[in-house]
$ cat structure24.cif   # mmCIF, C-alpha atoms
data_model
#
loop_
_atom_site.label_atom_id
_atom_site.label_comp_id
_atom_site.auth_asym_id
_atom_site.auth_seq_id
_atom_site.Cartn_x
_atom_site.Cartn_y
_atom_site.Cartn_z
CA MET R 1 0.00 0.00 0.00
CA VAL R 2 1.23 3.50 -0.81
CA ARG R 3 1.42 5.38 2.43
CA ARG R 4 4.00 8.15 2.44
CA LYS R 5 5.82 10.02 -0.27
CA PHE R 6 9.15 11.75 -0.85
CA LEU R 7 9.34 14.03 -3.91
CA ARG R 8 12.21 15.56 -5.84
CA TRP R 9 12.06 18.15 -8.59
CA CYS R 10 13.80 21.31 -9.87
CA ALA R 11 12.04 24.64 -9.83
CA LEU R 12 13.26 28.23 -9.87
CA GLY R 13 16.82 27.09 -9.44
CA ILE R 14 15.85 24.88 -6.51
CA VAL R 15 16.41 21.17 -6.66
CA GLY R 16 13.61 19.53 -4.77
CA ALA R 17 13.43 16.13 -3.25
CA ALA R 18 10.09 14.64 -2.71
CA LEU R 19 9.74 11.39 -4.44
CA ALA R 20 12.11 12.32 -7.15
CA ALA R 21 10.90 14.49 -9.94
CA CYS R 22 12.76 17.22 -11.75
CA ASP R 23 11.04 19.84 -13.90
CA LEU R 24 13.75 22.25 -14.99
CA VAL R 25 13.21 25.96 -15.50
CA PRO R 26 15.83 28.72 -15.83
CA PRO R 27 17.40 29.51 -12.44
CA PRO R 28 17.22 32.98 -10.93
CA THR R 29 20.25 35.24 -10.95
CA THR R 30 20.07 35.66 -7.17
CA VAL R 31 18.99 33.47 -4.30
CA ALA R 32 16.45 34.83 -1.84
CA THR R 33 17.59 35.26 1.75
CA PRO R 34 15.49 34.63 4.87
CA ARG R 35 13.45 37.58 5.97
CA THR R 36 11.17 38.33 8.87
CA ARG R 37 7.46 38.18 8.09
CA PRO R 38 4.60 39.65 10.09
CA ALA R 39 2.77 37.27 12.38
CA ARG R 40 -0.41 35.80 10.93
CA PRO R 41 -3.65 36.10 12.85
CA VAL R 42 -4.82 32.82 14.37
CA GLU R 43 -8.27 31.61 13.41
CA THR R 44 -10.22 30.80 16.54
CA GLN R 45 -13.28 29.34 14.84
CA LEU R 46 -13.06 25.96 13.18
CA ARG R 47 -14.33 25.57 9.67
CA PRO R 48 -17.05 23.01 9.00
CA THR R 49 -15.87 19.67 7.60
CA SER R 50 -16.82 18.78 4.05
CA GLU R 51 -18.34 15.43 3.13
CA GLU R 52 -15.15 14.60 1.22
CA SER R 53 -12.96 15.19 4.27
CA ALA R 54 -15.34 13.30 6.56
CA ALA R 55 -15.36 10.30 4.21
CA LEU R 56 -11.56 10.37 4.01
CA ARG R 57 -11.29 10.42 7.80
CA SER R 58 -13.60 7.41 8.06
CA TYR R 59 -11.55 5.55 5.44
CA LEU R 60 -8.24 6.25 7.21
CA VAL R 61 -9.62 5.11 10.55
CA GLN R 62 -10.54 1.82 8.88
CA VAL R 63 -7.06 1.59 7.34
CA GLN R 64 -5.37 2.03 10.71
CA GLY R 65 -7.68 -0.51 12.34
CA ALA R 66 -7.05 -3.08 9.60
CA GLN R 67 -3.29 -2.64 9.80
CA LEU R 68 -3.23 -2.96 13.58
CA SER R 69 -5.34 -6.13 13.38
CA GLN R 70 -2.67 -7.60 11.07
CA GLY R 71 0.16 -6.81 13.46
CA LEU R 72 1.37 -3.86 11.38
CA LEU R 73 2.25 -0.30 12.48
CA ARG R 74 4.58 -1.60 15.18
CA ASP R 75 5.96 0.98 17.58
CA ASP R 76 8.61 -1.18 19.30
CA GLY R 77 11.55 -0.16 17.10
CA GLY R 78 12.37 -3.77 16.22
CA GLY R 79 13.48 -6.62 18.42
CA GLN R 80 14.83 -10.16 18.46
CA ASP R 81 12.55 -11.07 15.58
CA THR R 82 14.17 -8.43 13.33
CA PRO R 83 17.95 -8.93 13.49
CA PHE R 84 20.18 -7.17 10.98
CA THR R 85 23.92 -7.27 10.33
CA ALA R 86 26.36 -4.52 9.44
CA ASP R 87 26.33 -5.78 5.86
CA MET R 88 22.53 -5.52 5.72
CA LEU R 89 22.69 -2.02 7.20
CA ALA R 90 25.21 -0.88 4.57
CA ARG R 91 23.11 -2.33 1.73
CA ASN R 92 19.93 -0.73 3.04
CA PHE R 93 21.70 2.60 3.40
CA GLU R 94 22.82 2.44 -0.22
CA ARG R 95 19.34 1.64 -1.50
CA ILE R 96 17.56 4.27 0.60
CA VAL R 97 20.06 7.13 0.21
CA PHE R 98 21.36 6.67 -3.33
CA PHE R 99 18.12 5.96 -5.18
CA ASN R 100 15.01 8.06 -5.78
CA GLU R 101 11.56 6.79 -4.92
CA TYR R 102 10.02 8.36 -8.02
CA ALA R 103 11.21 9.51 -11.45
CA SER R 104 8.83 12.49 -11.52
CA ALA R 105 6.29 14.02 -9.18
CA LEU R 106 4.57 10.95 -7.68
CA GLN R 107 5.11 9.02 -10.93
CA GLY R 108 7.39 6.15 -11.98
CA ARG R 109 10.30 4.51 -10.23
CA GLY R 110 13.35 6.68 -9.72
CA GLY R 111 16.95 5.97 -10.61
CA GLU R 112 20.28 6.40 -8.88
CA SER R 113 20.95 9.67 -7.06
CA PRO R 114 23.91 11.27 -5.25
CA LEU R 115 23.90 11.64 -1.48
CA ARG R 116 21.83 14.66 -0.43
CA ARG R 117 21.50 16.16 3.04
CA TRP R 118 21.40 19.46 4.97
CA THR R 119 24.51 21.40 5.92
CA SER R 120 22.80 24.47 7.39
CA PRO R 121 20.61 24.23 10.51
CA VAL R 122 17.07 22.92 10.02
CA ARG R 123 14.48 25.37 11.37
CA LEU R 124 11.01 23.88 11.67
CA GLY R 125 7.79 25.78 11.19
CA LEU R 126 4.27 24.40 11.70
CA ILE R 127 1.15 25.29 9.74
CA PHE R 128 -2.22 23.88 10.73
CA GLY R 129 -5.24 24.08 8.51
CA PRO R 130 -8.19 26.05 9.95
CA SER R 131 -10.21 22.84 10.23
CA VAL R 132 -7.74 21.19 12.65
CA PRO R 133 -9.11 21.34 16.22
CA PRO R 134 -6.99 22.77 19.08
CA SER R 135 -6.58 19.39 20.79
CA GLN R 136 -5.10 17.85 17.66
CA ARG R 137 -2.86 20.87 17.10
CA ALA R 138 -1.47 20.52 20.63
CA GLU R 139 -0.91 16.77 20.19
CA ASP R 140 0.82 17.10 16.84
CA SER R 141 2.90 20.15 17.86
CA ALA R 142 4.27 18.25 20.86
CA ALA R 143 4.99 15.17 18.73
CA ILE R 144 6.78 17.14 16.00
CA ARG R 145 8.93 19.16 18.38
CA GLY R 146 9.82 16.13 20.48
CA TYR R 147 10.73 14.12 17.41
CA ALA R 148 12.82 17.00 16.05
CA ARG R 149 14.87 16.96 19.26
CA ARG R 150 15.38 13.23 18.84
CA LEU R 151 16.49 13.64 15.22
CA ALA R 152 18.98 16.33 16.27
CA GLN R 153 20.46 14.01 18.88
CA ILE R 154 20.71 11.12 16.42
CA THR R 155 22.29 13.06 13.55
CA GLY R 156 24.30 15.61 15.50
CA HIS R 157 22.82 18.18 13.13
CA PRO R 158 21.00 21.27 14.51
CA ILE R 159 17.23 20.90 14.17
CA ASN R 160 15.07 23.39 16.06
CA SER R 161 12.10 25.72 15.81
CA PHE R 162 13.98 29.01 16.19
CA GLY R 163 14.28 31.72 13.54
CA ASN R 164 12.81 31.90 10.06
CA PRO R 165 11.65 28.36 9.13
CA ASN R 166 13.19 26.45 6.24
CA PHE R 167 11.35 23.17 6.88
CA ILE R 168 7.58 23.63 7.04
CA VAL R 169 5.37 20.85 8.41
CA ILE R 170 1.74 21.19 7.34
CA VAL R 171 -1.10 19.37 9.07
CA ALA R 172 -4.21 20.10 7.04
CA SER R 173 -7.38 18.47 5.80
CA GLU R 174 -8.61 17.96 2.28
CA ASP R 175 -10.55 21.20 2.75
CA ASP R 176 -7.62 23.48 3.56
CA ARG R 177 -4.41 21.84 2.27
CA ASP R 178 -4.24 24.17 -0.73
CA GLU R 179 -4.44 27.24 1.50
CA ALA R 180 -1.79 25.85 3.84
CA LEU R 181 0.58 25.17 0.93
CA ASN R 182 0.20 28.75 -0.24
CA ALA R 183 1.04 29.93 3.27
CA ALA R 184 4.15 27.71 3.26
CA ALA R 185 5.31 29.18 -0.05
CA ASP R 186 4.88 32.66 1.40
CA ARG R 187 6.98 31.81 4.47
CA VAL R 188 10.00 30.08 2.90
CA PRO R 189 12.16 32.13 0.50
CA GLY R 190 12.83 30.37 -2.79
CA ILE R 191 9.79 28.09 -2.70
CA THR R 192 6.99 29.13 -5.03
CA ARG R 193 3.34 28.12 -5.03
CA ASN R 194 3.84 26.38 -8.38
CA SER R 195 6.75 24.32 -7.02
CA LEU R 196 4.34 22.79 -4.48
CA ASN R 197 1.70 21.74 -7.00
CA ALA R 198 2.55 18.04 -6.69
CA LEU R 199 1.46 18.20 -3.05
CA ARG R 200 -1.93 19.75 -3.76
CA SER R 201 -3.78 16.75 -5.15
CA LEU R 202 -2.98 13.52 -3.31
CA SER R 203 -4.51 10.13 -3.97
CA ARG R 204 -6.61 8.66 -1.16
CA ASP R 205 -3.94 6.14 -0.22
CA THR R 206 -1.24 8.80 0.10
CA TYR R 207 -1.36 9.70 3.79
CA CYS R 208 1.45 12.26 3.68
CA ALA R 209 4.30 13.56 1.51
CA VAL R 210 7.43 15.70 1.71
CA ALA R 211 9.38 17.83 -0.75
CA ALA R 212 12.94 18.98 -0.10
CA TYR R 213 14.84 21.58 -2.13
CA ALA R 214 18.41 22.71 -2.76
CA ALA R 215 19.13 26.31 -3.80
CA GLY R 216 22.36 27.80 -5.04
CA ALA R 217 25.49 26.21 -6.45
CA ASN R 218 25.35 22.90 -4.57
CA GLU R 219 22.28 21.03 -5.75
CA ASN R 220 23.02 18.20 -3.31
CA THR R 221 22.64 20.32 -0.18
CA TYR R 222 19.10 20.88 1.02
CA THR R 223 18.04 24.38 1.96
CA ALA R 224 14.25 24.03 2.31
CA ALA R 225 11.53 21.42 2.71
CA VAL R 226 7.75 21.17 3.00
CA ALA R 227 5.94 18.16 4.50
CA VAL R 228 2.19 17.62 4.21
CA ILE R 229 0.33 15.37 6.65
CA ARG R 230 -3.36 14.69 6.21
CA ALA R 231 -5.25 15.94 9.25
CA GLU R 232 -7.83 13.21 8.61
CA ASN R 233 -5.30 10.54 9.65
CA PRO R 234 -6.02 8.98 13.05
CA SER R 235 -3.38 9.53 15.75
CA LEU R 236 -1.01 6.64 15.02
CA LEU R 237 -1.02 7.20 11.26
CA ARG R 238 -0.33 10.91 11.80
CA LEU R 239 2.55 10.10 14.13
CA SER R 240 3.84 7.57 11.62
CA CYS R 241 3.78 10.26 8.94
CA ILE R 242 5.64 12.67 11.20
CA HIS R 243 8.36 10.09 11.78
CA GLU R 244 8.88 9.17 8.15
CA GLU R 245 8.44 12.54 6.45
CA LEU R 246 10.80 14.44 8.72
CA ALA R 247 13.44 11.73 8.38
CA GLN R 248 13.00 11.57 4.60
CA GLY R 249 13.25 15.35 4.45
CA LEU R 250 16.70 15.02 6.02
CA GLY R 251 17.92 12.85 3.12
CA LEU R 252 16.62 9.28 3.49
CA ALA R 253 14.71 9.65 0.25
CA ASN R 254 13.83 6.13 -0.88
CA ASP R 255 12.05 3.01 0.39
CA SER R 256 13.35 -0.55 0.17
CA ARG R 257 11.39 -3.78 0.50
CA ASP R 258 14.49 -5.37 2.06
CA ALA R 259 14.90 -2.81 4.85
CA ARG R 260 13.84 -4.32 8.18
CA PRO R 261 13.15 -3.23 10.83
CA SER R 262 12.43 0.08 9.12
CA ILE R 263 9.80 2.68 8.32
CA PHE R 264 11.48 3.04 4.91
CA ASN R 265 9.59 0.04 3.62
CA ASP R 266 6.13 0.19 2.07
CA ASP R 267 5.00 -2.92 3.94
CA ASP R 268 3.87 -0.70 6.87
CA GLU R 269 5.19 -3.18 9.44
CA PHE R 270 6.68 -0.37 11.50
CA ALA R 271 4.97 2.92 12.24
CA LEU R 272 7.76 4.70 14.10
CA LEU R 273 11.49 5.21 13.61
CA THR R 274 13.41 2.05 14.49
CA LYS R 275 16.91 1.40 15.82
CA HIS R 276 17.90 0.41 12.27
CA ASP R 277 16.62 3.77 10.99
CA GLU R 278 18.48 5.68 13.68
CA LEU R 279 21.69 4.10 12.40
CA LEU R 280 20.83 5.11 8.83
CA LEU R 281 20.52 8.72 9.99
CA LYS R 282 23.81 8.52 11.89
CA MET R 283 25.48 7.23 8.73
CA LEU R 284 23.89 9.92 6.56
CA TYR R 285 25.29 12.72 8.72
CA ASP R 286 28.66 11.12 9.42
CA PRO R 287 31.32 13.71 8.46
CA ARG R 288 33.25 11.08 6.49
CA LEU R 289 30.46 11.15 3.90
CA LYS R 290 29.96 14.23 1.72
CA ALA R 291 26.95 15.61 -0.11
CA GLY R 292 27.21 14.76 -3.79
CA MET R 293 28.95 11.40 -3.30
CA THR R 294 27.80 8.58 -5.55
CA ALA R 295 26.97 5.14 -4.22
CA SER R 296 30.24 3.70 -5.53
CA GLU R 297 32.28 6.52 -4.00
CA ALA R 298 30.61 6.14 -0.63
CA ALA R 299 30.50 2.32 -0.48
CA PRO R 300 33.91 1.71 1.15
CA ILE R 301 33.16 4.36 3.79
CA THR R 302 29.61 3.24 4.52
CA ARG R 303 30.77 -0.32 5.12
CA ILE R 304 33.29 0.94 7.68
CA ILE R 305 30.69 3.11 9.41
CA ALA R 306 28.13 0.29 9.43
CA ARG R 307 30.68 -2.06 11.03
CA GLU R 308 31.49 0.54 13.67
CA LEU R 309 27.83 1.13 14.47
CA LYS R 310 27.08 -2.58 14.70
CA SER R 311 30.33 -3.25 16.61
CA GLY R 312 31.00 -6.43 14.68
CA PRO R 313 32.41 -7.84 11.44
CA LEU R 314 30.65 -7.41 8.13
#
$ encode --input "structure24.cif" --output "structure tokens"
Amino acid sequence: MVRRKFLRWCALGIVGAALAACDLVPPPTTVATPRTRPARPVETQLRPTSEESAALRSYLVQVQGAQLSQGLLRDDGGGQDTPFTADMLARNFERIVFFNEYASALQGRGGESPLRRWTSPVRLGLIFGPSVPPSQRAEDSAAIRGYARRLAQITGHPINSFGNPNFIVIVASEDDRDEALNAAADRVPGITRNSLNALRSLSRDTYCAVAAYAAGANENTYTAAVAVIRAENPSLLRLSCIHEELAQGLGLANDSRDARPSIFNDDDEFALLTKHDELLLKMLYDPRLKAGMTASEAAPITRIIARELKSGPL
């Protein structure tokens, strides 16, 4: 089942990563710099829910229930039933980091890709659609900020919610996703409304998606990202989306059917980041690896790092 998406495309001189598409247009002569924007008024009255959104919510509740009844959406991080070796870790890293999930926006299988990650601090910003109730906003805000702290500890890379945001996380319903995407484009320099079009119309079985971008001379260094999480998702599916989309937005762009225990596998066995996935993130941000490396260039190094992390022979 298709559950979560990671896109990549090129727009306005920005190389995006969100499933792996690339629509080239002439780059700008200058790159926009962060700027302070006036605070937006907060809507205190919830909008009524459309029939389309209500039906989607009902469907997603059934999806979560069916998956749980099958023993899927595990939150234990893996255990004795999911052993993996250093060699398996290195192979999974290669498949997840050096290949694109899609060839174009949500279409086709992607090909090989260089290593991409952030070098500047990641500054999170949250946008909730007007239809999202306060209780859900509080729950998701706490989950996103707590998970961001965990990701920062794992990677050793600064990830916080201070300053002008360059990684926007949207929690919105079918009724207000378009408006939220426009707000995200207005908040992050270099991202245009058109560059977010692939996130506007999602199929019913796409629960969430993320797009990451690189601006300037180094197209392998991310400078901005936008994640979209359906507000209609029940709590565990929303949390699962938070875990995968934020991690994919850091550079773990692909899924692999061989990765286990892992959220980077479309089998939906695991809902939340696993120990295996933590090691993938540690490898991705290891200073011995450089943005722009190919799989063959990185292979000797990744095998060494994997052996060190697993504390055993390959």
$ resolve_selection --input "structure24.cif" --expression "the PyMOL selection byres ((chain R and resi 278-295) around 6)" --output "list in words"
Phe98, Pro114, Leu115, Arg116, Thr155, Asn220, Lys275, His276, Asp277, Ser296, Glu297, Ala298 and Ala299 of chain R
$ closest_residue --input "structure24.cif" --among "R:Phe270, R:Phe167, R:Tyr213, R:Phe264" --to "R:Arg123" --atoms "all atoms listed in the file"
R:Phe167
$ residues_around --input "structure24.cif" --residues "R:Ser173" --least-positions-apart "3" --cutoff "7 Å" --atoms "all atoms listed in the file" --output "number ranges by chain"
R: 53, 129, 131, 176-177, 230-232
$ closest_residue --input "structure24.cif" --among "R:Ile159, R:Val228, R:Ala215, R:Leu73" --to "R:Glu174" --atoms "only C-alpha atoms"
R:Val228
$ resolve_selection --input "structure24.cif" --expression "the PyMOL selection byres ((chain R and resi 242) around 9)" --output "PyMOL selection string"
chain R and resi 140+143-144+147+169+208+227+229+237-241+243-247+272
$ residues_around --input "structure24.cif" --residues "stretch 62-64 of chain R" --least-positions-apart "2" --cutoff "8 Å" --atoms "all atoms listed in the file" --output "MDAnalysis selection string"
chainID R and resid 58:60 66:68 234 236:237
$ write_last_selection --input "structure24.cif" --atoms "C-alpha atoms" --output "short mmCIF file (atom, residue, chain, number, x, y, z; two decimals), keeping the file's coordinate frame"
data_model
loop_
_atom_site.label_atom_id
_atom_site.label_comp_id
_atom_site.auth_asym_id
_atom_site.auth_seq_id
_atom_site.Cartn_x
_atom_site.Cartn_y
_atom_site.Cartn_z
CA SER R 58 -13.60 7.41 8.06
CA TYR R 59 -11.55 5.55 5.44
CA LEU R 60 -8.24 6.25 7.21
CA ALA R 66 -7.05 -3.08 9.60
CA GLN R 67 -3.29 -2.64 9.80
CA LEU R 68 -3.23 -2.96 13.58
CA PRO R 234 -6.02 8.98 13.05
CA LEU R 236 -1.01 6.64 15.02
CA LEU R 237 -1.02 7.20 11.26
#
$ residues_around --input "structure24.cif" --residues "stretch 255-260 of chain R" --least-positions-apart "5" --cutoff "8 Å" --atoms "only C-alpha atoms" --output "PyMOL selection string"
chain R and resi 82+84+92+95-96+101+265-267+276
$ atom_distance --input "structure24.cif" --atom1 "atom CA of R:Leu124" --atom2 "atom CA of R:Asn160"
6.0 Å
